[in-house]
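Before any comments, here is the structure.
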Amino acid sequence: MGGRYQASGNPRRVNLLRWAWGTALALVVAACAGASARPDAEVQQALAPSGKLRVGVYAGSPTSMIRDPASGEAKDVSYDLGKALAARLGVPFEAVEYPRVAAVVDALKIAEVDFTVTNATPARTKDVDFTAPILALELGYLAPAGSSFTDIAQIDQPGTRIGVTQGSTSQAALARSLKNASLVPAPTVKAAVEMLAQGKLDLYATNKAILSEMADQLPGSRILEGRWGVEHMGIAIPKGRERGKPYLDAFAADAVSSGLVRRAAERAGLRGTAAVE
């Protein structure tokens, strides 16, 4: 029979295969439908208990919030995905601005906001719940104009002042890995740009999406070759919202597969991305 599969030879197996394929297809369809269909009242209440979706953002990061210098229009991954989820939930969208990412995470801890996109570290997963990663960003260093640094292997030297955002995951990670250089916390990304321009820092460390935005404001600055890590960005929500978590997970998967994350990243001019693991 030349290896040809004979359906009539094993009807039980055929029926099982048909059932398995039918079940798999149904699950795929259900997941896609679940991500786009209006959820029930319990899910809506779990994800937006105040009656609106409060999205925590901080200025200067294309994964959080940047503004068009000409129009003042806000855009970024957190902002655009938050608007999309609010529309699917059928509730108003509200952006709540904070000075830095650590303040956004603190607001999530006490349920002052409902949603953001941020680095899903093991430490943060103790305080907030995350979806699977929706994008990944390389971590690097920005050197101001005239800097002698050319490679990240050179930076861990006595006297080197490396700026980090106060309370950021970069601050925590580099505090563990650097042996000789000194970390200098900056209160905001805007303040960090000023500190580099004024010669108060030798380098600045964060993800390359933010470093690229900073470099645009600092003529002659450059991002050093190489990377010292990768951030895995997921959607974060407060603990205790288990009733809405499956819907949120389906929304996150759909946002990636449908291109919503990619379009939001392109609209915000996101740079420095890496492959999502």
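Each chain in the structure tokens gets a letter, A, B, ..., in the order shown, and its residues are numbered from 1; ligands are numbered from 1 in order too.
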*Got a sec: who's within 7 Å of region 146-156 of chain A, counting only C-alpha atoms, leaving out chain neighbours fewer than 5 positions off, as a VMD selection string?*
chain A and resid 178 to 181 224 to 226
Serialized selection, C-alpha atoms, as a PDB file, in the first residue's frame:
```
ATOM      1  CA  LEU A 178      29.444  45.983  39.214  1.00  0.00           C
ATOM      2  CA  LYS A 179      32.444  45.811  41.531  1.00  0.00           C
ATOM      3  CA  ASN A 180      34.276  49.116  41.007  1.00  0.00           C
ATOM      4  CA  ALA A 181      32.072  51.708  39.250  1.00  0.00           C
ATOM      5  CA  LEU A 224      27.984  51.573  23.538  1.00  0.00           C
ATOM      6  CA  GLU A 225      28.358  48.355  21.590  1.00  0.00           C
ATOM      7  CA  GLY A 226      27.094  45.203  23.275  1.00  0.00           C
TER       8      GLY A 226
END
```
_Just the number, please: distance in Å from CA of Ala48 (chain A) to CA of Ala107 (chain A), one decimal._
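So the two atoms, CA of Ala48 (chain A) and CA of Ala107 (chain A), lie 14.5 Å apart.
Restricting the calculation to only C-alpha atoms, the smallest distance between Gly199 (chain A) and any of A:Gly163, A:Gly60, A:Gly244, A:Pro185 is found for A:Gly163.
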_Those in region 158-235 of chain A with helix (DSSP H, G or I) from DSSP, as a PyMOL selection string_ = chain A and resi 169-177+189-197+208-216
Filtering to N, CA and C atoms, could you give me those residues as a CSV table (one decimal), in the first residue's frame?
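For reference, selection33.csv as written:
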```
chain,number,residue,atom,x,y,z
A,169,THR,N,14.9,48.5,37.9
A,169,THR,CA,15.5,47.1,37.9
A,169,THR,C,17.0,47.2,37.4
A,170,SER,N,17.3,48.2,36.6
A,170,SER,CA,18.7,48.4,36.2
A,170,SER,C,19.6,48.7,37.5
A,171,GLN,N,19.1,49.6,38.3
A,171,GLN,CA,19.8,49.9,39.6
A,171,GLN,C,20.0,48.7,40.4
A,172,ALA,N,19.0,47.8,40.6
A,172,ALA,CA,19.2,46.6,41.4
A,172,ALA,C,20.1,45.6,40.7
A,173,ALA,N,20.0,45.4,39.4
A,173,ALA,CA,20.9,44.5,38.8
A,173,ALA,C,22.3,44.9,38.7
A,174,LEU,N,22.6,46.2,38.5
A,174,LEU,CA,24.0,46.6,38.4
A,174,LEU,C,24.6,46.7,39.8
A,175,ALA,N,23.8,47.0,40.8
A,175,ALA,CA,24.4,47.0,42.2
A,175,ALA,C,24.9,45.6,42.5
A,176,ARG,N,24.4,44.6,41.9
A,176,ARG,CA,24.9,43.2,42.2
A,176,ARG,C,26.1,42.9,41.3
A,177,SER,N,26.1,43.4,40.1
A,177,SER,CA,27.2,42.9,39.1
A,177,SER,C,28.4,43.8,39.1
A,189,VAL,N,13.9,60.3,34.0
A,189,VAL,CA,14.7,60.2,32.8
A,189,VAL,C,15.1,61.6,32.3
A,190,LYS,N,14.2,62.6,32.5
A,190,LYS,CA,14.5,64.0,32.1
A,190,LYS,C,15.7,64.5,32.9
A,191,ALA,N,15.7,64.2,34.2
A,191,ALA,CA,16.8,64.6,35.0
A,191,ALA,C,18.1,63.9,34.6
A,192,ALA,N,18.0,62.7,34.2
A,192,ALA,CA,19.2,62.0,33.7
A,192,ALA,C,19.9,62.6,32.5
A,193,VAL,N,19.0,63.1,31.6
A,193,VAL,CA,19.5,63.8,30.4
A,193,VAL,C,20.3,65.0,30.8
A,194,GLU,N,19.8,65.7,31.7
A,194,GLU,CA,20.4,67.0,32.2
A,194,GLU,C,21.7,66.6,32.9
A,195,MET,N,21.7,65.6,33.7
A,195,MET,CA,23.0,65.2,34.4
A,195,MET,C,24.1,64.8,33.5
A,196,LEU,N,23.7,64.1,32.4
A,196,LEU,CA,24.7,63.7,31.4
A,196,LEU,C,25.2,65.0,30.7
A,197,ALA,N,24.3,65.9,30.3
A,197,ALA,CA,24.7,67.1,29.6
A,197,ALA,C,25.6,68.0,30.5
A,208,LYS,N,17.7,49.9,25.9
A,208,LYS,CA,18.2,50.7,24.7
A,208,LYS,C,17.0,51.5,24.1
A,209,ALA,N,15.8,51.2,24.4
A,209,ALA,CA,14.7,52.0,24.0
A,209,ALA,C,14.7,53.4,24.6
A,210,ILE,N,14.9,53.4,25.9
A,210,ILE,CA,15.0,54.7,26.6
A,210,ILE,C,16.3,55.4,26.2
A,211,LEU,N,17.4,54.6,26.2
A,211,LEU,CA,18.7,55.2,25.8
A,211,LEU,C,18.7,55.9,24.4
A,212,SER,N,17.9,55.3,23.5
A,212,SER,CA,17.8,55.9,22.2
A,212,SER,C,17.0,57.3,22.3
A,213,GLU,N,16.0,57.3,23.1
A,213,GLU,CA,15.3,58.6,23.3
A,213,GLU,C,16.2,59.6,23.9
A,214,MET,N,17.0,59.2,24.9
A,214,MET,CA,17.9,60.1,25.5
A,214,MET,C,19.0,60.6,24.5
A,215,ALA,N,19.5,59.7,23.7
A,215,ALA,CA,20.5,60.1,22.7
A,215,ALA,C,20.0,61.1,21.7
A,216,ASP,N,18.7,61.1,21.4
A,216,ASP,CA,18.2,62.1,20.5
A,216,ASP,C,18.3,63.5,21.1
```
*asked:* So that I can check the surroundings of region 41-43 of chain A, please list as a PyMOL selection string every protein, DNA and RNA residue that reaches within 10 Å of it, counting only C-alpha atoms and ignoring chain neighbours fewer than 5 positions away.
replied: chain A and resi 48-49+89+241-248
*Who sits within 7 Å of Leu53 (chain A), only C-alpha atoms, same chain under 4 positions skipped, as a count of residues only*: 7
*Quick one: residues within 9 Å of Gly167 (chain A), only C-alpha atoms counted, chain neighbours fewer than 5 positions away excluded, as JSON, numbers by chain?*
{"A": [100, 101, 102, 103, 172, 185, 187]}
Selection export as a PDB file, in the first residue's frame, atoms kept: C-alpha atoms:
```
ATOM      1  CA  ARG A 100       9.536  56.999  37.207  1.00  0.00           C
ATOM      2  CA  VAL A 101       8.839  53.302  36.724  1.00  0.00           C
ATOM      3  CA  ALA A 102       9.336  52.386  40.391  1.00  0.00           C
ATOM      4  CA  ALA A 103       6.473  54.731  41.300  1.00  0.00           C
ATOM      5  CA  ALA A 172      19.163  46.622  41.387  1.00  0.00           C
ATOM      6  CA  PRO A 185      20.456  57.424  40.958  1.00  0.00           C
ATOM      7  CA  PRO A 187      14.905  60.864  39.904  1.00  0.00           C
TER       8      PRO A 187
END
```
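Note that the spacing between CA of Ile66 (chain A) and CA of Pro238 (chain A) amounts to 23.6 Å.
Here CA of Leu85 (chain A) and CA of Asp249 (chain A) stand 11.5 Å from one another.
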Please provide the set of residues having any atom within 9 Å of Gly234 (chain A), restricted to only C-alpha atoms, with same-chain residues fewer than 4 positions apart removed, written as an mmCIF file with C-alpha atoms, in the first residue's frame.
```
data_model
loop_
_atom_site.group_PDB
_atom_site.id
_atom_site.type_symbol
_atom_site.label_atom_id
_atom_site.label_comp_id
_atom_site.auth_asym_id
_atom_site.auth_seq_id
_atom_site.Cartn_x
_atom_site.Cartn_y
_atom_site.Cartn_z
ATOM 1 C CA THR A 116 1.078 48.932 32.826
ATOM 2 C CA VAL A 117 3.775 47.314 30.677
ATOM 3 C CA THR A 118 7.088 46.832 32.457
ATOM 4 C CA ASN A 119 10.038 44.521 33.054
ATOM 5 C CA ALA A 120 8.813 41.244 34.570
ATOM 6 C CA PHE A 130 2.323 39.552 34.827
ATOM 7 C CA THR A 131 1.264 38.111 31.512
ATOM 8 C CA ALA A 132 3.792 36.244 29.398
ATOM 9 C CA PRO A 133 6.370 38.637 27.857
ATOM 10 C CA ILE A 134 5.063 40.661 24.932
ATOM 11 C CA LEU A 135 8.408 42.189 23.904
ATOM 12 C CA ALA A 136 12.061 42.206 24.967
ATOM 13 C CA ALA A 252 -1.701 39.847 25.615
#
```
*Shortest interatomic distance to Thr273 (chain A) - which of A:Leu139, A:Ala111, A:Ile223, A:Val256, counting only C-alpha atoms*: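 When distances to Thr273 (chain A) are compared using only C-alpha atoms, the smallest one comes from A:Leu139.
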*Can you tell me, as a list in words, what residues are no more than 7 Å from Ala205 (chain A) when counting only C-alpha atoms, ignoring any on the same chain fewer than 5 positions away?*
Gly140, Tyr141, Leu142, Ile162, Gly163, Val164 and Ser170 of chain A
Same residues, C-alpha atoms, saved as a PDB file, in the first residue's frame:
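Saved result, out01.pdb, follows:
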```
ATOM      1  CA  GLY A 140      23.025  48.998  27.509  1.00  0.00           C
ATOM      2  CA  TYR A 141      24.934  52.170  28.336  1.00  0.00           C
ATOM      3  CA  LEU A 142      24.744  55.689  26.888  1.00  0.00           C
ATOM      4  CA  ILE A 162      26.977  55.324  36.069  1.00  0.00           C
ATOM      5  CA  GLY A 163      23.522  56.855  36.195  1.00  0.00           C
ATOM      6  CA  VAL A 164      20.428  54.732  36.794  1.00  0.00           C
ATOM      7  CA  SER A 170      18.730  48.382  36.247  1.00  0.00           C
TER       8      SER A 170
END
```
*asked:* Can you tell me, as a count of residues only, which residues in region 129-204 of chain A count as strand (DSSP E) by DSSP?
replied: 23
